[in-house]
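Chemist: Just one file: target.csv, with CSV, C-alpha atoms.
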chain,number,residue,atom,x,y,z
A,1,LEU,CA,90.1,101.6,21.3
A,2,PHE,CA,93.3,99.6,21.7
A,3,THR,CA,92.4,97.1,18.9
A,4,ALA,CA,91.5,100.1,16.7
A,5,LEU,CA,94.9,101.6,17.2
A,6,LEU,CA,96.5,98.2,16.4
A,7,GLY,CA,94.5,98.0,13.2
A,8,LEU,CA,95.6,101.4,12.1
A,9,LEU,CA,99.2,100.6,13.0
A,10,PHE,CA,99.3,97.3,11.2
A,11,GLY,CA,97.4,98.6,8.2
A,12,TYR,CA,94.3,96.5,8.1
A,13,LEU,CA,92.1,99.4,9.2
A,14,PRO,CA,90.2,101.1,7.7
A,15,VAL,CA,89.0,98.2,5.5
A,16,THR,CA,87.8,100.7,2.9
A,17,PRO,CA,89.9,103.9,2.7
A,18,HIS,CA,88.6,107.0,4.4
A,19,THR,CA,85.5,105.2,5.9
A,20,LEU,CA,84.6,104.1,9.4
A,21,TRP,CA,85.0,100.3,10.0
A,22,TYR,CA,82.6,97.9,11.7
A,23,ILE,CA,83.4,96.9,15.3
A,24,SER,CA,84.1,93.3,14.3
A,25,ASP,CA,86.7,94.4,11.7
A,26,MET,CA,89.0,95.3,14.6
A,27,TRP,CA,89.0,91.6,15.6
A,28,ALA,CA,89.3,89.8,12.3
A,29,TYR,CA,93.1,90.0,11.8
A,30,VAL,CA,96.3,89.5,13.9
A,31,PRO,CA,97.0,91.0,16.4
A,32,GLY,CA,93.5,92.4,17.0
A,33,ASN,CA,91.9,88.9,17.1
A,34,TRP,CA,94.5,87.9,19.8
A,35,ILE,CA,93.2,90.8,22.0
A,36,SER,CA,89.5,90.2,21.4
A,37,ARG,CA,89.6,86.5,22.4
A,38,TRP,CA,90.3,87.4,26.0
A,39,ALA,CA,89.4,91.1,26.3
A,40,VAL,CA,85.9,90.9,25.0
A,41,VAL,CA,85.2,87.8,27.1
A,42,LEU,CA,86.6,89.5,30.2
A,43,GLY,CA,84.5,92.6,29.6
A,44,ALA,CA,81.4,90.5,29.2
A,45,HIS,CA,82.2,88.7,32.4
A,46,PHE,CA,82.3,92.0,34.3
A,47,GLY,CA,79.0,92.8,32.7
A,48,LEU,CA,77.6,89.5,34.0
A,49,LEU,CA,78.8,90.2,37.5
A,50,ALA,CA,77.0,93.6,37.4
A,51,VAL,CA,73.8,92.0,36.1
A,52,ALA,CA,73.9,89.3,38.7
A,53,GLY,CA,74.3,92.0,41.5
A,54,VAL,CA,71.2,93.8,40.3
A,55,MET,CA,69.3,90.6,39.8
A,56,ALA,CA,70.0,89.7,43.5
A,57,ASP,CA,68.7,93.1,44.6
A,58,THR,CA,65.3,92.9,42.8
A,59,GLN,CA,62.2,91.0,43.7
A,60,ASN,CA,60.3,91.7,40.5
A,61,SER,CA,60.0,88.6,38.5
A,62,PHE,CA,59.6,90.5,35.2
A,63,ARG,CA,62.7,92.5,36.0
A,64,LYS,CA,64.7,89.3,36.7
A,65,LYS,CA,63.7,87.9,33.3
A,66,LEU,CA,64.9,91.1,31.6
A,67,LEU,CA,68.2,90.8,33.4
A,68,GLY,CA,68.5,87.2,32.5
A,69,LEU,CA,68.0,88.3,28.8
A,70,ALA,CA,70.8,90.9,29.3
A,71,ALA,CA,73.0,88.1,30.5
A,72,PHE,CA,72.2,86.0,27.5
A,73,GLY,CA,73.1,89.0,25.3
A,74,LEU,CA,76.5,89.2,27.0
A,75,PHE,CA,77.0,85.5,26.1
A,76,GLY,CA,76.4,86.5,22.5
A,77,LEU,CA,79.0,89.2,22.8
A,78,MET,CA,81.5,86.6,24.0
A,79,ILE,CA,80.8,84.6,20.8
A,80,VAL,CA,81.5,87.7,18.7
A,81,GLY,CA,84.8,88.1,20.5
A,82,VAL,CA,86.1,84.5,20.2
A,83,CYS,CA,85.0,83.7,16.6
A,84,ASN,CA,85.6,86.4,14.0
A,85,GLU,CA,83.9,86.8,10.6
A,86,ASN,CA,86.8,85.2,8.7
A,87,GLU,CA,86.7,82.0,10.8
A,88,ASN,CA,83.0,81.3,10.7
A,89,ILE,CA,80.6,84.0,9.6
A,90,THR,CA,77.5,82.0,10.7
A,91,ILE,CA,78.7,81.6,14.3
A,92,HIS,CA,79.9,85.2,14.4
A,93,THR,CA,76.7,86.6,13.0
A,94,THR,CA,74.6,84.5,15.4
A,95,GLY,CA,76.5,85.9,18.4
A,96,ALA,CA,76.0,89.4,17.1
A,97,MET,CA,72.3,88.8,16.7
A,98,ILE,CA,72.0,87.4,20.2
A,99,PHE,CA,73.8,90.4,21.6
A,100,PHE,CA,71.8,93.2,19.8
A,101,LEU,CA,68.3,91.6,19.9
A,102,SER,CA,68.6,90.5,23.5
A,103,PHE,CA,69.5,94.0,24.6
A,104,ASP,CA,66.8,95.5,22.4
A,105,ILE,CA,64.2,93.6,24.4
A,106,TYR,CA,66.0,94.3,27.7
A,107,ILE,CA,66.0,98.0,27.0
A,108,ILE,CA,62.4,98.2,25.9
A,109,GLY,CA,61.2,96.1,28.9
A,110,THR,CA,63.3,98.1,31.3
A,111,LEU,CA,61.9,101.4,30.2
A,112,LEU,CA,58.4,100.1,30.3
A,113,SER,CA,58.7,98.5,33.7
A,114,LEU,CA,59.9,101.7,35.3
A,115,ARG,CA,56.3,103.0,35.2
A,116,ASN,CA,54.7,100.0,37.0
A,117,HIS,CA,54.7,101.3,40.6
A,118,HIS,CA,52.1,102.3,43.0
A,119,THR,CA,53.3,104.8,45.7
A,120,GLU,CA,54.1,108.4,44.9
A,121,LYS,CA,57.6,108.0,46.2
A,122,GLN,CA,58.3,104.9,44.1
A,123,ASN,CA,56.9,106.7,41.0
A,124,GLN,CA,59.2,109.7,41.6
A,125,GLN,CA,62.2,107.4,41.9
A,126,GLU,CA,61.4,105.4,38.9
A,127,TYR,CA,60.6,108.4,36.7
A,128,GLN,CA,64.1,109.7,37.6
A,129,LYS,CA,65.6,106.4,36.5
A,130,LEU,CA,63.4,106.6,33.3
A,131,PHE,CA,64.8,110.0,32.5
A,132,ILE,CA,68.4,108.9,33.0
A,133,LEU,CA,68.0,105.7,30.9
A,134,LEU,CA,65.8,107.2,28.1
A,135,PHE,CA,68.5,108.8,26.0
A,136,PRO,CA,70.9,105.8,25.6
A,137,GLY,CA,67.9,103.5,25.2
A,138,ILE,CA,66.4,105.6,22.4
A,139,ILE,CA,69.8,105.8,20.7
A,140,ALA,CA,70.4,102.1,20.8
A,141,LEU,CA,66.9,101.2,19.6
A,142,LEU,CA,66.9,103.8,16.8
A,143,SER,CA,70.4,102.8,15.6
A,144,HIS,CA,69.4,99.1,15.4
A,145,THR,CA,66.1,99.9,13.7
A,146,LEU,CA,67.8,102.0,11.0
A,147,ARG,CA,70.3,99.2,10.4
A,148,ILE,CA,67.6,96.6,10.0
A,149,LEU,CA,65.6,98.7,7.6
A,150,ALA,CA,68.8,99.7,5.8
A,151,VAL,CA,67.7,103.3,5.7
A,152,PHE,CA,71.2,104.7,5.5
A,153,PRO,CA,73.4,101.9,4.1
A,154,SER,CA,76.5,104.2,4.0
A,155,LEU,CA,76.1,105.0,7.7
A,156,ASP,CA,75.8,101.3,8.8
A,157,PRO,CA,79.2,101.1,10.5
A,158,LEU,CA,78.4,104.3,12.4
A,159,LEU,CA,75.0,103.0,13.4
A,160,GLU,CA,76.6,99.8,14.7
A,161,TRP,CA,79.0,101.8,16.8
A,162,SER,CA,76.3,104.0,18.2
A,163,ASP,CA,74.1,101.0,18.9
A,164,ALA,CA,76.8,99.1,20.8
A,165,LEU,CA,78.1,102.1,22.8
A,166,ALA,CA,74.5,103.1,23.8
A,167,ILE,CA,73.9,99.5,25.0
A,168,ILE,CA,77.0,99.6,27.2
A,169,TYR,CA,76.1,103.1,28.5
A,170,PHE,CA,72.5,102.0,29.2
A,171,LEU,CA,73.6,98.9,31.1
A,172,THR,CA,76.1,100.9,33.1
A,173,LEU,CA,73.5,103.5,34.0
A,174,ASP,CA,70.9,100.9,34.9
A,175,VAL,CA,73.3,99.2,37.3
A,176,GLN,CA,74.2,102.6,38.8
A,177,THR,CA,70.5,103.3,39.6
A,178,TYR,CA,70.9,100.6,42.3
A,179,PRO,CA,73.3,102.4,44.7
A,180,ASN,CA,72.7,99.9,47.5
A,181,THR,CA,73.7,97.0,45.3
A,182,CYS,CA,76.8,98.9,44.0
A,183,SER,CA,77.9,99.8,47.6
A,184,ASP,CA,77.1,96.5,49.3
A,185,SER,CA,78.1,93.9,46.6
A,186,GLY,CA,81.6,92.7,46.1
A,187,LEU,CA,83.7,89.8,45.0
A,188,ALA,CA,86.0,87.9,47.4
A,189,LEU,CA,88.2,84.8,47.3
A,190,THR,CA,88.4,82.9,50.6
A,191,ARG,CA,89.8,79.6,51.8
A,192,LEU,CA,87.2,77.2,53.1
A,193,SER,CA,87.8,75.0,56.1
A,194,SER,CA,86.4,71.5,56.3
A,195,SER,CA,83.5,72.8,58.4
A,196,THR,CA,82.3,75.2,55.7
A,197,LYS,CA,82.0,72.8,52.8
A,198,SER,CA,78.3,71.8,53.3
A,199,PRO,CA,75.8,74.0,51.4
A,200,ASN,CA,74.3,75.5,54.5
A,201,SER,CA,77.6,76.3,56.2
A,202,LEU,CA,79.0,77.6,52.9
A,203,LYS,CA,76.1,80.1,52.6
A,204,GLU,CA,76.6,81.3,56.2
A,205,HIS,CA,80.3,81.7,55.6
A,206,LEU,CA,79.8,83.7,52.4
A,207,LEU,CA,77.3,86.0,54.2
A,208,LEU,CA,79.9,86.7,56.9
A,209,VAL,CA,82.5,87.5,54.2
Kindly transcribe the structure held in the file into structure tokens.
Modeler:
Amino acid sequence: LFTALLGLLFGYLPVTPHTLWYISDMWAYVPGNWISRWAVVLGAHFGLLAVAGVMADTQNSFRKKLLGLAAFGLFGLMIVGVCNENENITIHTTGAMIFFLSFDIYIIGTLLSLRNHHTEKQNQQEYQKLFILLFPGIIALLSHTLRILAVFPSLDPLLEWSDALAIIYFLTLDVQTYPNTCSDSGLALTRLSSSTKSPNSLKEHLLLV
């Protein structure tokens, strides 16, 4: 939002008069590209922390792989933020493809995996999660599919926005469906004494923190 306001203020947005711009258009010119180089990377790092917390709370190997794919997608988002379309379109496009395709697979796999439980209580909980995640998941997948097929070329920027925002919303809701992880996980900085520098003692020290 801030980079969009800057683009409107400095006159490089909208790129085409009276039309919605692509997300990356906000980060292609000064001062928007100054902001994106750290803000996009910072936001992706917060996403990685959230993904790591959920990954630590699950024992399902397939789920861990999906979360690893989401982390890879966030790495692609960092590439989009630090290298704009005017600097190197190949690198920029590669980062965007990593982000969108990784999250497509992550969303599909997550929605499908929520049905693979055995007890009635687990099924009820997972169907509640499925109901919560279904709307943003469908929006993201439908938006990306329409973009790939070029069904509505004039709506391509709008579809890109709906795809990206739905992905962010999906990931946020997915993390929030793990309340124990959200309430028990945290980030702390601590000074280590000489007695806590071995791997085993370091692990014990972090557990105490």
Chemist: With only C-alpha atoms as the counted atoms, please give the residues lying no more than 8 Å from range 132-134 of chain A, apart from itself and same-chain residues fewer than 6 positions off, as a list in words.
Modeler: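 Using only C-alpha atoms, the neighbours found are Leu111, Phe170, Leu173 and Asp174 of chain A.
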Chemist: Closest to Phe99 in chain A among A:Leu66, A:Ala56, A:Ala164, A:Val82, using only C-alpha atoms?
Modeler: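 For Phe99 in chain A, the nearest of the given residues is A:Ala164.
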Chemist: So that I can check the surroundings of Ser36 in chain A, please list as a PyMOL selection string every protein, DNA and RNA residue that reaches within 9 Å of it, counting all atoms listed in the file and ignoring chain neighbours fewer than 3 positions away.
Modeler: chain A and resi 3+26-27+32-33+39-41+80-82
Chemist: Could you check the closest approach to Arg63 in chain A for each of A:Ile108, A:Leu142, A:Leu158, A:Val151 and tell me which residue wins, using only C-alpha atoms?
Modeler: A:Ile108
Chemist: Find the residue from A:Pro31, A:Gly76, A:Gly68, A:Gly11 that sits nearest to Ala50 in chain A; use all atoms listed in the file when measuring.
Modeler: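 Of A:Pro31, A:Gly76, A:Gly68, A:Gly11, the one nearest Ala50 in chain A, counting all atoms listed in the file, is A:Gly68.
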Chemist: Write out N, CA, C and O atoms for range 94-111 of chain A, as a PDB file, in the frame of the given file.
Modeler:
ATOM      1  N   THR A  94      75.565  84.950  14.394  1.00  0.00           N
ATOM      2  CA  THR A  94      74.600  84.500  15.400  1.00  0.00           C
ATOM      3  C   THR A  94      74.905  85.142  16.758  1.00  0.00           C
ATOM      4  O   THR A  94      73.985  85.590  17.457  1.00  0.00           O
ATOM      5  N   GLY A  95      76.175  85.216  17.135  1.00  0.00           N
ATOM      6  CA  GLY A  95      76.500  85.900  18.400  1.00  0.00           C
ATOM      7  C   GLY A  95      76.147  87.348  18.384  1.00  0.00           C
ATOM      8  O   GLY A  95      75.636  87.863  19.386  1.00  0.00           O
ATOM      9  N   ALA A  96      76.368  88.027  17.255  1.00  0.00           N
ATOM     10  CA  ALA A  96      76.000  89.400  17.100  1.00  0.00           C
ATOM     11  C   ALA A  96      74.489  89.635  17.258  1.00  0.00           C
ATOM     12  O   ALA A  96      74.012  90.569  17.921  1.00  0.00           O
ATOM     13  N   MET A  97      73.722  88.745  16.616  1.00  0.00           N
ATOM     14  CA  MET A  97      72.300  88.800  16.700  1.00  0.00           C
ATOM     15  C   MET A  97      71.770  88.613  18.110  1.00  0.00           C
ATOM     16  O   MET A  97      70.864  89.311  18.580  1.00  0.00           O
ATOM     17  N   ILE A  98      72.363  87.642  18.803  1.00  0.00           N
ATOM     18  CA  ILE A  98      72.000  87.400  20.200  1.00  0.00           C
ATOM     19  C   ILE A  98      72.236  88.636  21.043  1.00  0.00           C
ATOM     20  O   ILE A  98      71.396  89.041  21.856  1.00  0.00           O
ATOM     21  N   PHE A  99      73.395  89.251  20.835  1.00  0.00           N
ATOM     22  CA  PHE A  99      73.800  90.400  21.600  1.00  0.00           C
ATOM     23  C   PHE A  99      72.781  91.588  21.367  1.00  0.00           C
ATOM     24  O   PHE A  99      72.173  92.123  22.305  1.00  0.00           O
ATOM     25  N   PHE A 100      72.607  91.969  20.122  1.00  0.00           N
ATOM     26  CA  PHE A 100      71.800  93.200  19.800  1.00  0.00           C
ATOM     27  C   PHE A 100      70.317  92.934  20.083  1.00  0.00           C
ATOM     28  O   PHE A 100      69.648  93.804  20.672  1.00  0.00           O
ATOM     29  N   LEU A 101      69.771  91.789  19.682  1.00  0.00           N
ATOM     30  CA  LEU A 101      68.300  91.600  19.900  1.00  0.00           C
ATOM     31  C   LEU A 101      67.991  91.378  21.345  1.00  0.00           C
ATOM     32  O   LEU A 101      66.952  91.872  21.809  1.00  0.00           O
ATOM     33  N   SER A 102      68.838  90.687  22.093  1.00  0.00           N
ATOM     34  CA  SER A 102      68.600  90.500  23.500  1.00  0.00           C
ATOM     35  C   SER A 102      68.561  91.838  24.248  1.00  0.00           C
ATOM     36  O   SER A 102      67.686  92.099  25.087  1.00  0.00           O
ATOM     37  N   PHE A 103      69.491  92.701  23.902  1.00  0.00           N
ATOM     38  CA  PHE A 103      69.500  94.000  24.600  1.00  0.00           C
ATOM     39  C   PHE A 103      68.435  94.936  24.080  1.00  0.00           C
ATOM     40  O   PHE A 103      67.997  95.817  24.837  1.00  0.00           O
ATOM     41  N   ASP A 104      67.966  94.771  22.854  1.00  0.00           N
ATOM     42  CA  ASP A 104      66.800  95.500  22.400  1.00  0.00           C
ATOM     43  C   ASP A 104      65.604  95.256  23.311  1.00  0.00           C
ATOM     44  O   ASP A 104      64.925  96.167  23.791  1.00  0.00           O
ATOM     45  N   ILE A 105      65.340  93.977  23.529  1.00  0.00           N
ATOM     46  CA  ILE A 105      64.200  93.600  24.400  1.00  0.00           C
ATOM     47  C   ILE A 105      64.426  94.021  25.807  1.00  0.00           C
ATOM     48  O   ILE A 105      63.507  94.510  26.482  1.00  0.00           O
ATOM     49  N   TYR A 106      65.645  93.858  26.289  1.00  0.00           N
ATOM     50  CA  TYR A 106      66.000  94.300  27.700  1.00  0.00           C
ATOM     51  C   TYR A 106      65.764  95.782  27.844  1.00  0.00           C
ATOM     52  O   TYR A 106      65.188  96.213  28.854  1.00  0.00           O
ATOM     53  N   ILE A 107      66.172  96.592  26.888  1.00  0.00           N
ATOM     54  CA  ILE A 107      66.000  98.000  27.000  1.00  0.00           C
ATOM     55  C   ILE A 107      64.530  98.423  26.959  1.00  0.00           C
ATOM     56  O   ILE A 107      64.059  99.210  27.792  1.00  0.00           O
ATOM     57  N   ILE A 108      63.786  97.868  26.010  1.00  0.00           N
ATOM     58  CA  ILE A 108      62.400  98.200  25.900  1.00  0.00           C
ATOM     59  C   ILE A 108      61.628  97.772  27.189  1.00  0.00           C
ATOM     60  O   ILE A 108      60.849  98.543  27.768  1.00  0.00           O
ATOM     61  N   GLY A 109      61.893  96.554  27.647  1.00  0.00           N
ATOM     62  CA  GLY A 109      61.200  96.100  28.900  1.00  0.00           C
ATOM     63  C   GLY A 109      61.601  96.876  30.086  1.00  0.00           C
ATOM     64  O   GLY A 109      60.744  97.162  30.941  1.00  0.00           O
ATOM     65  N   THR A 110      62.863  97.280  30.194  1.00  0.00           N
ATOM     66  CA  THR A 110      63.300  98.100  31.300  1.00  0.00           C
ATOM     67  C   THR A 110      62.629  99.434  31.362  1.00  0.00           C
ATOM     68  O   THR A 110      62.136  99.886  32.411  1.00  0.00           O
ATOM     69  N   LEU A 111      62.573 100.093  30.215  1.00  0.00           N
ATOM     70  CA  LEU A 111      61.900 101.400  30.200  1.00  0.00           C
ATOM     71  C   LEU A 111      60.454 101.327  30.473  1.00  0.00           C
ATOM     72  O   LEU A 111      59.906 102.188  31.175  1.00  0.00           O
TER      73      LEU A 111
END
